[in-house]
$ cat model06.csv   # CSV, C-alpha atoms
chain,number,residue,atom,x,y,z
E,785,MET,CA,45.0,-38.4,-71.2
E,786,LEU,CA,41.6,-39.2,-72.7
E,787,ASN,CA,41.2,-42.4,-74.5
E,788,PRO,CA,40.2,-41.8,-78.1
E,789,LEU,CA,37.7,-44.6,-77.8
E,790,ALA,CA,36.0,-43.1,-74.7
E,791,THR,CA,32.6,-41.7,-75.1
E,792,ALA,CA,31.3,-38.5,-73.4
E,793,ASP,CA,30.4,-40.5,-70.3
E,794,GLY,CA,33.8,-42.1,-70.1
E,795,THR,CA,32.8,-45.6,-71.3
E,796,VAL,CA,34.9,-47.3,-73.9
E,797,GLU,CA,33.2,-48.8,-77.0
E,798,ALA,CA,34.6,-51.0,-79.7
E,799,PRO,CA,35.3,-49.0,-82.9
E,800,ALA,CA,33.0,-49.6,-85.9
E,801,GLY,CA,36.0,-50.1,-88.1
E,802,PRO,CA,39.7,-49.4,-88.4
E,803,SER,CA,40.7,-45.9,-87.3
E,804,PRO,CA,42.3,-43.6,-89.9
E,805,ALA,CA,46.0,-43.1,-89.5
E,806,PRO,CA,46.8,-39.8,-87.8
E,807,SER,CA,48.2,-37.0,-89.9
E,808,MET,CA,51.8,-36.0,-89.4
E,809,SER,CA,50.7,-32.9,-87.5
E,810,GLU,CA,48.6,-35.0,-85.2
E,811,ARG,CA,51.5,-37.4,-84.6
E,812,SER,CA,53.8,-34.5,-83.6
E,813,GLU,CA,51.3,-32.9,-81.3
E,814,ALA,CA,50.4,-35.9,-79.1
E,815,PRO,CA,51.8,-39.4,-78.6
E,816,PRO,CA,49.5,-42.1,-79.8
E,817,VAL,CA,47.4,-43.6,-77.0
E,818,PRO,CA,46.4,-47.2,-77.9
E,819,GLY,CA,42.8,-48.0,-77.0
E,820,PRO,CA,41.8,-51.5,-75.9
E,821,ASP,CA,43.0,-54.3,-78.1
E,822,GLN,CA,40.6,-56.6,-79.9
E,823,GLU,CA,40.6,-59.2,-77.0
E,824,SER,CA,40.0,-56.5,-74.4
E,825,ARG,CA,37.1,-55.0,-76.4
E,826,ALA,CA,35.6,-58.5,-76.6
E,827,TRP,CA,35.8,-58.8,-72.8
E,828,LEU,CA,34.1,-55.4,-72.4
E,829,ALA,CA,31.4,-56.2,-74.9
E,830,GLY,CA,30.6,-59.5,-73.2
E,831,LEU,CA,30.5,-58.0,-69.7
E,832,ARG,CA,28.2,-55.2,-70.9
E,833,ALA,CA,25.9,-57.5,-72.8
E,834,GLU,CA,22.6,-58.9,-71.4
E,835,GLY,CA,21.5,-62.4,-70.5
E,836,ALA,CA,23.4,-65.5,-71.4
E,837,ARG,CA,26.3,-63.7,-73.1
E,838,LYS,CA,27.0,-61.6,-70.0
E,839,GLU,CA,26.7,-64.7,-67.7
E,840,GLU,CA,29.1,-66.7,-69.9
E,841,THR,CA,31.6,-63.8,-70.0
E,842,SER,CA,31.3,-63.3,-66.2
E,843,ARG,CA,31.9,-67.0,-65.6
E,844,ARG,CA,35.1,-66.9,-67.8
E,845,LEU,CA,36.3,-63.9,-66.0
E,846,HIS,CA,35.7,-65.5,-62.6
E,847,ASP,CA,37.8,-68.5,-63.7
E,848,LEU,CA,40.6,-66.1,-64.7
E,849,LEU,CA,40.4,-64.3,-61.4
E,850,LEU,CA,40.3,-67.5,-59.4
E,851,ARG,CA,43.5,-68.6,-61.2
E,852,ALA,CA,45.1,-65.2,-60.3
E,853,ALA,CA,44.0,-65.5,-56.7
E,854,ARG,CA,45.4,-69.0,-56.4
E,855,PHE,CA,48.7,-67.8,-58.0
E,856,GLU,CA,49.0,-65.1,-55.3
E,857,ILE,CA,48.0,-67.4,-52.4
E,858,ASN,CA,50.3,-70.2,-53.5
E,859,ARG,CA,53.3,-67.8,-53.5
E,860,ARG,CA,52.4,-66.7,-50.0
E,861,LYS,CA,51.5,-70.0,-48.3
E,862,GLY,CA,55.2,-70.8,-47.5
E,863,SER,CA,55.2,-67.7,-45.3
E,864,HIS,CA,52.1,-68.8,-43.5
E,865,PRO,CA,52.4,-72.5,-42.8
E,866,HIS,CA,49.6,-72.5,-40.3
E,867,LEU,CA,47.1,-71.7,-43.1
E,868,ARG,CA,45.8,-75.0,-44.4
E,869,GLY,CA,44.8,-76.0,-47.9
E,870,GLY,CA,41.1,-75.8,-47.4
E,871,ASP,CA,41.3,-72.4,-45.8
E,872,LEU,CA,43.5,-71.2,-48.7
E,873,ASP,CA,41.2,-72.3,-51.4
E,874,ASP,CA,38.3,-70.7,-49.6
E,875,LEU,CA,40.3,-67.5,-49.5
E,876,ALA,CA,41.0,-67.8,-53.3
E,877,HIS,CA,37.3,-68.2,-54.0
E,878,GLN,CA,36.4,-65.2,-51.8
E,879,ALA,CA,39.1,-63.1,-53.5
E,880,ALA,CA,37.8,-64.1,-57.0
E,881,ASN,CA,34.2,-63.3,-56.0
E,882,ASP,CA,35.1,-59.9,-54.5
E,883,ALA,CA,37.4,-59.1,-57.4
E,884,LEU,CA,34.6,-59.8,-59.9
E,885,LEU,CA,32.2,-57.5,-58.1
E,886,ALA,CA,34.9,-54.8,-58.0
E,887,ILE,CA,35.6,-55.1,-61.7
E,888,LEU,CA,32.0,-55.0,-62.7
E,889,GLY,CA,31.5,-51.9,-60.6
E,890,LYS,CA,34.6,-50.2,-62.1
E,891,LEU,CA,34.2,-51.4,-65.7
E,892,ASP,CA,33.7,-47.9,-67.0
E,893,THR,CA,37.0,-46.8,-65.5
E,894,TYR,CA,39.0,-49.2,-67.7
E,895,ARG,CA,40.6,-47.0,-70.4
E,896,GLY,CA,42.6,-49.6,-72.3
E,897,ASP,CA,46.0,-48.5,-71.0
E,898,SER,CA,46.8,-52.2,-70.6
E,899,ARG,CA,45.2,-55.4,-71.7
E,900,PHE,CA,41.9,-56.1,-70.0
E,901,THR,CA,43.2,-59.3,-68.4
E,902,THR,CA,46.2,-57.4,-66.8
E,903,TRP,CA,43.8,-54.8,-65.5
E,904,ALA,CA,41.5,-57.5,-64.1
E,905,TYR,CA,44.3,-59.5,-62.5
E,906,LYS,CA,45.4,-56.6,-60.3
E,907,PHE,CA,42.0,-56.8,-58.5
E,908,ALA,CA,42.2,-60.5,-57.8
E,909,LEU,CA,45.8,-60.2,-56.7
E,910,LEU,CA,45.0,-57.4,-54.3
E,911,GLU,CA,42.0,-59.2,-52.9
E,912,ALA,CA,43.9,-62.4,-52.4
E,913,ALA,CA,47.0,-60.6,-50.8
E,914,VAL,CA,44.8,-58.6,-48.4
E,915,LYS,CA,42.8,-61.7,-47.4
E,916,VAL,CA,46.0,-63.7,-46.7
E,917,ARG,CA,47.6,-60.9,-44.7
E,918,ARG,CA,44.5,-60.4,-42.6
E,919,ARG,CA,44.0,-64.1,-42.0
E,920,ALA,CA,47.6,-64.5,-41.0
E,921,TRP,CA,47.2,-61.8,-38.4
E,922,GLN,CA,43.8,-62.9,-37.2
E,923,GLY,CA,43.8,-63.0,-33.4
E,924,ARG,CA,47.3,-61.5,-33.1
E,925,GLU,CA,48.0,-58.3,-31.2
E,926,VAL,CA,49.3,-55.5,-33.4
E,927,PRO,CA,52.3,-53.9,-31.6
E,928,ILE,CA,51.8,-50.2,-31.5
E,929,GLU,CA,52.8,-49.4,-28.0
E,930,PRO,CA,55.3,-46.5,-27.5
E,931,GLU,CA,58.1,-48.8,-26.1
E,932,HIS,CA,58.5,-50.4,-29.5
E,933,TRP,CA,60.2,-47.4,-31.1
E,934,SER,CA,62.7,-46.9,-28.3
E,935,VAL,CA,64.5,-50.0,-29.5
E,936,ILE,CA,65.7,-48.3,-32.6
E,937,ALA,CA,68.7,-46.7,-31.0
E,938,SER,CA,69.8,-50.0,-29.5
E,939,ARG,CA,69.5,-51.9,-32.8
E,940,GLY,CA,72.7,-50.4,-34.3
E,941,GLY,CA,75.9,-52.2,-33.8
E,942,SER,CA,79.1,-50.3,-33.2
E,943,PRO,CA,81.6,-51.2,-35.8
E,944,ALA,CA,83.7,-48.2,-36.6
E,945,GLY,CA,82.4,-48.1,-40.2
E,946,GLU,CA,78.9,-47.8,-39.0
E,947,ALA,CA,79.3,-45.1,-36.4
E,948,GLU,CA,77.5,-42.6,-38.6
E,949,GLY,CA,74.6,-45.0,-39.1
E,950,ASN,CA,74.3,-45.4,-35.3
E,951,GLU,CA,74.2,-41.7,-34.9
E,952,LEU,CA,71.5,-41.5,-37.5
E,953,LEU,CA,69.4,-44.2,-35.7
E,954,ALA,CA,69.8,-42.4,-32.4
E,955,SER,CA,68.7,-39.1,-33.9
E,956,ILE,CA,65.8,-40.8,-35.6
E,957,SER,CA,64.7,-42.4,-32.3
E,958,ALA,CA,64.8,-39.0,-30.6
E,959,ALA,CA,62.9,-37.4,-33.5
E,960,ILE,CA,60.2,-40.1,-33.4
E,961,GLU,CA,59.5,-39.0,-29.8
E,962,SER,CA,59.8,-35.2,-30.3
E,963,GLU,CA,58.6,-34.6,-33.9
E,964,LEU,CA,55.8,-37.1,-34.6
E,965,SER,CA,52.3,-37.1,-33.4
E,966,ALA,CA,51.1,-40.1,-31.4
E,967,HIS,CA,49.2,-41.4,-34.4
E,968,GLN,CA,52.2,-41.0,-36.8
E,969,ARG,CA,54.4,-42.8,-34.2
E,970,GLU,CA,51.9,-45.7,-33.9
E,971,VAL,CA,51.6,-46.2,-37.6
E,972,LEU,CA,55.3,-45.8,-38.6
E,973,VAL,CA,56.4,-48.1,-35.8
E,974,ALA,CA,53.8,-50.8,-36.6
E,975,VAL,CA,54.5,-50.9,-40.3
E,976,ALA,CA,58.2,-50.0,-40.5
E,977,LEU,CA,59.5,-51.6,-37.3
E,978,SER,CA,57.1,-54.3,-36.4
E,979,ASP,CA,56.3,-55.6,-39.9
E,980,VAL,CA,52.6,-55.2,-39.4
E,981,PRO,CA,51.1,-55.4,-42.9
E,982,ILE,CA,49.5,-52.0,-43.7
E,983,ASP,CA,46.2,-53.6,-44.7
E,984,VAL,CA,46.0,-55.4,-41.3
E,985,LEU,CA,46.6,-52.1,-39.5
E,986,ALA,CA,44.1,-50.3,-41.7
E,987,GLU,CA,41.5,-52.9,-40.8
E,988,ARG,CA,42.3,-52.6,-37.0
E,989,LEU,CA,42.2,-48.8,-37.2
E,990,ASN,CA,39.1,-48.8,-39.4
E,991,THR,CA,40.8,-46.8,-42.2
E,992,THR,CA,42.4,-47.5,-45.6
E,993,ARG,CA,45.8,-48.4,-46.9
E,994,GLY,CA,46.1,-45.1,-48.7
E,995,ALA,CA,45.2,-43.1,-45.6
E,996,LEU,CA,47.8,-44.9,-43.5
E,997,TYR,CA,50.5,-44.6,-46.1
E,998,LYS,CA,49.8,-40.8,-46.2
E,999,THR,CA,50.4,-40.8,-42.4
E,1000,ILE,CA,53.7,-42.7,-42.9
E,1001,HIS,CA,54.7,-40.4,-45.8
E,1002,ASP,CA,54.1,-37.3,-43.6
E,1003,ALA,CA,56.0,-38.9,-40.7
E,1004,ARG,CA,59.0,-39.7,-42.9
E,1005,LYS,CA,59.0,-36.2,-44.2
E,1006,LYS,CA,59.2,-34.8,-40.6
E,1007,LEU,CA,62.0,-37.2,-39.8
E,1008,ARG,CA,64.0,-36.3,-42.9
E,1009,SER,CA,63.5,-32.6,-42.1
E,1010,HIS,CA,64.7,-33.1,-38.6
E,1011,LEU,CA,67.8,-35.0,-39.8
E,1012,ALA,CA,68.6,-32.3,-42.4
E,1013,VAL,CA,68.4,-29.6,-39.7
E,1014,GLU,CA,70.8,-31.6,-37.6
E,1015,GLY,CA,73.1,-31.9,-40.6
E,1016,LEU,CA,73.0,-35.6,-40.7
E,1017,ARG,CA,73.4,-37.4,-44.0
E,1018,PHE,CA,70.9,-40.1,-44.9
E,1019,GLU,CA,70.7,-40.5,-48.7
E,1020,LYS,CA,71.4,-43.8,-50.3
E,1021,ASP,CA,74.7,-42.9,-51.8
E,1022,GLU,CA,75.8,-41.4,-48.5
E,1023,LEU,CA,74.7,-44.5,-46.6
E,1024,GLU,CA,76.8,-46.5,-49.0
E,1025,SER,CA,79.9,-44.4,-48.4
E,1026,THR,CA,79.5,-45.0,-44.7
E,1027,GLY,CA,79.4,-48.8,-45.2
E,1028,LEU,CA,75.7,-49.0,-44.4
E,1029,ARG,CA,74.8,-50.4,-47.8
E,1030,SER,CA,76.1,-53.6,-49.2
T,379,MET,CA,72.0,-54.3,-47.5
T,380,ASN,CA,72.7,-54.7,-43.8
T,381,ASP,CA,70.2,-54.4,-40.9
T,382,GLU,CA,70.9,-50.8,-40.1
T,383,ALA,CA,70.6,-49.7,-43.7
T,384,ARG,CA,67.4,-51.7,-44.1
T,385,LEU,CA,66.0,-50.1,-40.9
T,386,LEU,CA,66.9,-46.6,-42.0
T,387,LYS,CA,65.3,-47.2,-45.4
T,388,ARG,CA,62.1,-48.4,-43.9
T,389,LEU,CA,62.0,-45.5,-41.4
T,390,LEU,CA,62.9,-42.7,-43.8
T,391,GLY,CA,61.4,-44.0,-47.1
T,392,PRO,CA,62.2,-42.9,-50.6
T,393,ALA,CA,63.8,-39.4,-51.0
T,394,GLY,CA,62.0,-38.4,-54.2
T,395,PRO,CA,58.4,-37.5,-54.8
T,396,GLU,CA,56.0,-40.4,-54.9
T,397,ILE,CA,52.5,-41.1,-55.9
T,398,SER,CA,49.8,-42.4,-53.5
T,399,CYS,CA,48.6,-46.0,-52.9
T,400,GLU,CA,45.4,-45.2,-54.9
T,401,GLU,CA,47.3,-43.8,-57.8
T,402,CYS,CA,49.7,-46.8,-57.7
T,403,PHE,CA,46.8,-49.2,-58.0
T,404,GLU,CA,45.3,-47.1,-60.8
T,405,GLN,CA,48.5,-47.3,-62.8
T,406,LEU,CA,49.9,-50.7,-61.8
T,407,ASP,CA,48.6,-52.6,-64.8
T,408,ARG,CA,50.0,-50.0,-67.3
T,409,TYR,CA,53.3,-49.8,-65.4
T,410,VAL,CA,53.8,-53.6,-65.5
T,411,GLU,CA,53.1,-53.9,-69.2
T,412,LEU,CA,55.5,-51.0,-69.9
T,413,GLU,CA,58.1,-52.8,-67.8
T,414,LEU,CA,57.6,-56.1,-69.5
T,415,SER,CA,57.7,-54.5,-73.0
T,416,GLY,CA,61.1,-52.9,-72.2
T,417,ALA,CA,59.7,-49.4,-72.2
T,418,ASP,CA,60.8,-46.8,-69.7
T,419,ALA,CA,58.0,-47.3,-67.2
T,420,ASP,CA,59.5,-44.9,-64.6
T,421,ALA,CA,59.6,-42.1,-67.1
T,422,ALA,CA,56.0,-42.8,-68.2
T,423,ILE,CA,54.7,-42.8,-64.6
T,424,PRO,CA,56.8,-40.5,-62.5
T,425,GLY,CA,56.7,-41.3,-58.7
T,426,MET,CA,55.7,-44.9,-59.2
T,427,SER,CA,59.1,-46.5,-58.5
T,428,ALA,CA,59.6,-44.3,-55.4
T,429,HIS,CA,56.2,-45.4,-54.1
T,430,LEU,CA,57.0,-49.1,-54.7
T,431,GLU,CA,60.2,-48.5,-52.8
T,432,GLY,CA,58.4,-46.9,-49.9
T,433,CYS,CA,55.2,-49.0,-49.6
T,434,PRO,CA,55.8,-52.7,-48.8
T,435,ALA,CA,52.2,-53.7,-49.7
T,436,CYS,CA,52.2,-52.0,-53.1
T,437,HIS,CA,55.7,-53.4,-53.7
T,438,GLU,CA,54.3,-56.9,-53.2
T,439,ASP,CA,51.3,-56.2,-55.4
T,440,HIS,CA,53.6,-55.0,-58.2
T,441,ARG,CA,55.8,-58.0,-58.0
T,442,SER,CA,52.8,-60.4,-58.0
T,443,LEU,CA,51.2,-58.7,-61.1
T,444,ARG,CA,54.5,-58.6,-63.0
T,445,ASP,CA,55.2,-62.3,-62.2
T,446,LEU,CA,51.7,-63.4,-63.1
T,447,VAL,CA,51.6,-61.5,-66.4
T,448,GLU,CA,55.1,-62.7,-67.2
T,449,ALA,CA,54.1,-66.3,-66.5
T,450,GLU,CA,51.0,-66.0,-68.6
T,451,SER,CA,53.0,-64.6,-71.5
T,452,SER,CA,55.6,-67.3,-71.4
T,453,SER,CA,53.0,-70.1,-71.2
T,454,SER,CA,50.9,-68.8,-74.1
$ encode --input "model06.csv" --output "structure tokens"
Amino acid sequence: MLNPLATADGTVEAPAGPSPAPSMSERSEAPPVPGPDQESRAWLAGLRAEGARKEETSRRLHDLLLRAARFEINRRKGSHPHLRGGDLDDLAHQAANDALLAILGKLDTYRGDSRFTTWAYKFALLEAAVKVRRRAWQGREVPIEPEHWSVIASRGGSPAGEAEGNELLASISAAIESELSAHQREVLVAVALSDVPIDVLAERLNTTRGALYKTIHDARKKLRSHLAVEGLRFEKDELESTGLRS
Amino acid sequence: MNDEARLLKRLLGPAGPEISCEECFEQLDRYVELELSGADADAAIPGMSAHLEGCPACHEDHRSLRDLVEAESSSS
């Protein structure tokens, strides 16, 4: 939905004064779409200004992004004990720098659907998370060889209550071999079985997170279709009834 | 959830329709603010919760943004 504050070229400008209240007919035809709040409009105005004002606003935004990047890195450092303090702070600064550039490049896409700071935080968090994941996998081999998917069938235990789950796993293992392309197999196995972060795999395969997730989505769709043809049950509620969910 | 159920979930993903990673990033800030305000975020952005269930990276990004915004709100 179009932002009522958006101009013809999609940019958002601070209103000159309070907006008139919508008439009853306007209220019934479309839900109200709040534009940027006062603080968000101030951020936009500062970043679109020239000279010292723009520099000052950019500096404050960088401070904000650095705080967000450190928040993300701090919550991840426990999972990556080999990453040292200096490395992590370098990553936080790199993430804040890259996020600031991304934000300035995409400023006109901000529609005011959330506060400006929430919108900006997501760039810093994404940059920080991707950088930590990639640093953690630096120099490590990504397991995509075909033998990795054949372990699926052997992962299931054999308690009586889980027999149906074991049948499902065996059927999925066979379908991975017969139904999926080599690329779909590699990507699904790496991400779903070997816990390779999708951003790490995207970097190794010179592609994007979105493109790889599309591959995973298509592979899952094929597996689900195969199971449905075989008459196997696999929805959450049905898994629960077989004792597979707890 | 036991190991087999977790494995099946990771291999088969969510059952319902889901949005892409790009759409997820586009809508993430709005989704989080709707969640934190108590609004029905899933109704406002159909396919988001299914995507967060199926994509581990976007799931983590969502959790981080929600926790950060929540922490900022409680400290101000």
$ closest_residue --input "model06.csv" --among "E:Ile956, E:Ala1003, E:Ser962, E:Ala913" --to "Val984 of chain E" --atoms "all atoms listed in the file"
E:Ala913
$ atom_distance --input "model06.csv" --atom1 "atom CA of Trp903 of chain E" --atom2 "atom CA of Tyr409 of chain T"
10.7 Å
$ closest_residue --input "model06.csv" --among "E:Glu970, E:Glu925, E:Glu1014, E:Asp897" --to "chain T" --atoms "only C-alpha atoms"
E:Asp897
$ atom_distance --input "model06.csv" --atom1 "atom CA of Ser398 of chain T" --atom2 "atom CA of Cys433 of chain T"
9.4 Å
$ closest_atom_pairs --input "model06.csv" --of "chain T" --to "chain E" --cutoff "9 Å" --atoms "all atoms listed in the file" --output "JSON lines"
{"residue": "T:Met379", "atom": "CA", "partner": "E:Ser1030", "partner_atom": "CA", "distance": 4.5}
{"residue": "T:Asn380", "atom": "CA", "partner": "E:Arg1029", "partner_atom": "CA", "distance": 6.2}
{"residue": "T:Asp381", "atom": "CA", "partner": "E:Gly940", "partner_atom": "CA", "distance": 8.1}
{"residue": "T:Glu382", "atom": "CA", "partner": "E:Gly940", "partner_atom": "CA", "distance": 6.1}
{"residue": "T:Ala383", "atom": "CA", "partner": "E:Leu1028", "partner_atom": "CA", "distance": 5.2}
{"residue": "T:Arg384", "atom": "CA", "partner": "E:Arg1029", "partner_atom": "CA", "distance": 8.4}
{"residue": "T:Leu385", "atom": "CA", "partner": "E:Leu977", "partner_atom": "CA", "distance": 7.6}
{"residue": "T:Leu386", "atom": "CA", "partner": "E:Leu953", "partner_atom": "CA", "distance": 7.2}
{"residue": "T:Lys387", "atom": "CA", "partner": "E:Lys1020", "partner_atom": "CA", "distance": 8.5}
{"residue": "T:Arg388", "atom": "CA", "partner": "E:Ala976", "partner_atom": "CA", "distance": 5.4}
{"residue": "T:Leu389", "atom": "CA", "partner": "E:Ala976", "partner_atom": "CA", "distance": 6.0}
{"residue": "T:Leu390", "atom": "CA", "partner": "E:Arg1004", "partner_atom": "CA", "distance": 5.0}
{"residue": "T:Gly391", "atom": "CA", "partner": "E:Arg1004", "partner_atom": "CA", "distance": 6.5}
{"residue": "T:Pro392", "atom": "CA", "partner": "E:Arg1004", "partner_atom": "CA", "distance": 8.9}
{"residue": "T:Ala393", "atom": "CA", "partner": "E:Glu1019", "partner_atom": "CA", "distance": 7.4}
{"residue": "T:Ser398", "atom": "CA", "partner": "E:Gly994", "partner_atom": "CA", "distance": 6.6}
{"residue": "T:Cys399", "atom": "CA", "partner": "E:Gly994", "partner_atom": "CA", "distance": 5.0}
{"residue": "T:Glu400", "atom": "CA", "partner": "E:Gly994", "partner_atom": "CA", "distance": 6.2}
{"residue": "T:Phe403", "atom": "CA", "partner": "E:Lys906", "partner_atom": "CA", "distance": 7.9}
{"residue": "T:Gln405", "atom": "CA", "partner": "E:Asp897", "partner_atom": "CA", "distance": 8.7}
{"residue": "T:Leu406", "atom": "CA", "partner": "E:Lys906", "partner_atom": "CA", "distance": 7.6}
{"residue": "T:Asp407", "atom": "CA", "partner": "E:Trp903", "partner_atom": "CA", "distance": 5.3}
{"residue": "T:Arg408", "atom": "CA", "partner": "E:Ser898", "partner_atom": "CA", "distance": 5.1}
{"residue": "T:Tyr409", "atom": "CA", "partner": "E:Ser898", "partner_atom": "CA", "distance": 8.7}
{"residue": "T:Val410", "atom": "CA", "partner": "E:Thr902", "partner_atom": "CA", "distance": 8.6}
{"residue": "T:Glu411", "atom": "CA", "partner": "E:Ser898", "partner_atom": "CA", "distance": 6.7}
{"residue": "T:Leu412", "atom": "CA", "partner": "E:Ser898", "partner_atom": "CA", "distance": 8.8}
{"residue": "T:Gly432", "atom": "CA", "partner": "E:His1001", "partner_atom": "CA", "distance": 8.5}
{"residue": "T:Cys433", "atom": "CA", "partner": "E:Tyr997", "partner_atom": "CA", "distance": 7.3}
{"residue": "T:Pro434", "atom": "CA", "partner": "E:Pro981", "partner_atom": "CA", "distance": 8.0}
{"residue": "T:Ala435", "atom": "CA", "partner": "E:Ile982", "partner_atom": "CA", "distance": 6.8}
{"residue": "T:Glu438", "atom": "CA", "partner": "E:Ala913", "partner_atom": "CA", "distance": 8.5}
{"residue": "T:Asp439", "atom": "CA", "partner": "E:Leu910", "partner_atom": "CA", "distance": 6.5}
{"residue": "T:His440", "atom": "CA", "partner": "E:Lys906", "partner_atom": "CA", "distance": 8.6}
{"residue": "T:Ser442", "atom": "CA", "partner": "E:Glu856", "partner_atom": "CA", "distance": 6.6}
{"residue": "T:Leu443", "atom": "CA", "partner": "E:Lys906", "partner_atom": "CA", "distance": 6.2}
{"residue": "T:Leu446", "atom": "CA", "partner": "E:Phe855", "partner_atom": "CA", "distance": 7.4}
{"residue": "T:Val447", "atom": "CA", "partner": "E:Thr902", "partner_atom": "CA", "distance": 6.8}
$ atom_distance --input "model06.csv" --atom1 "atom CA of Arg843 of chain E" --atom2 "atom CA of Arg919 of chain E"
26.7 Å
$ closest_residue --input "model06.csv" --among "T:Glu413, T:Ser452, T:Arg444, T:Glu401" --to "Gly425 of chain T" --atoms "only C-alpha atoms"
T:Glu401
$ residues_around --input "model06.csv" --residues "Ser427 of chain T" --least-positions-apart "2" --cutoff "10 Å" --atoms "only C-alpha atoms" --output "JSON, numbers by chain"
{"T": [392, 394, 395, 396, 397, 402, 409, 419, 420, 421, 423, 424, 425, 429, 430, 431, 432, 437]}
$ closest_residue --input "model06.csv" --among "E:Arg854, E:Asn990, E:Arg895, E:Leu849" --to "Arg825 of chain E" --atoms "all atoms listed in the file"
E:Arg895
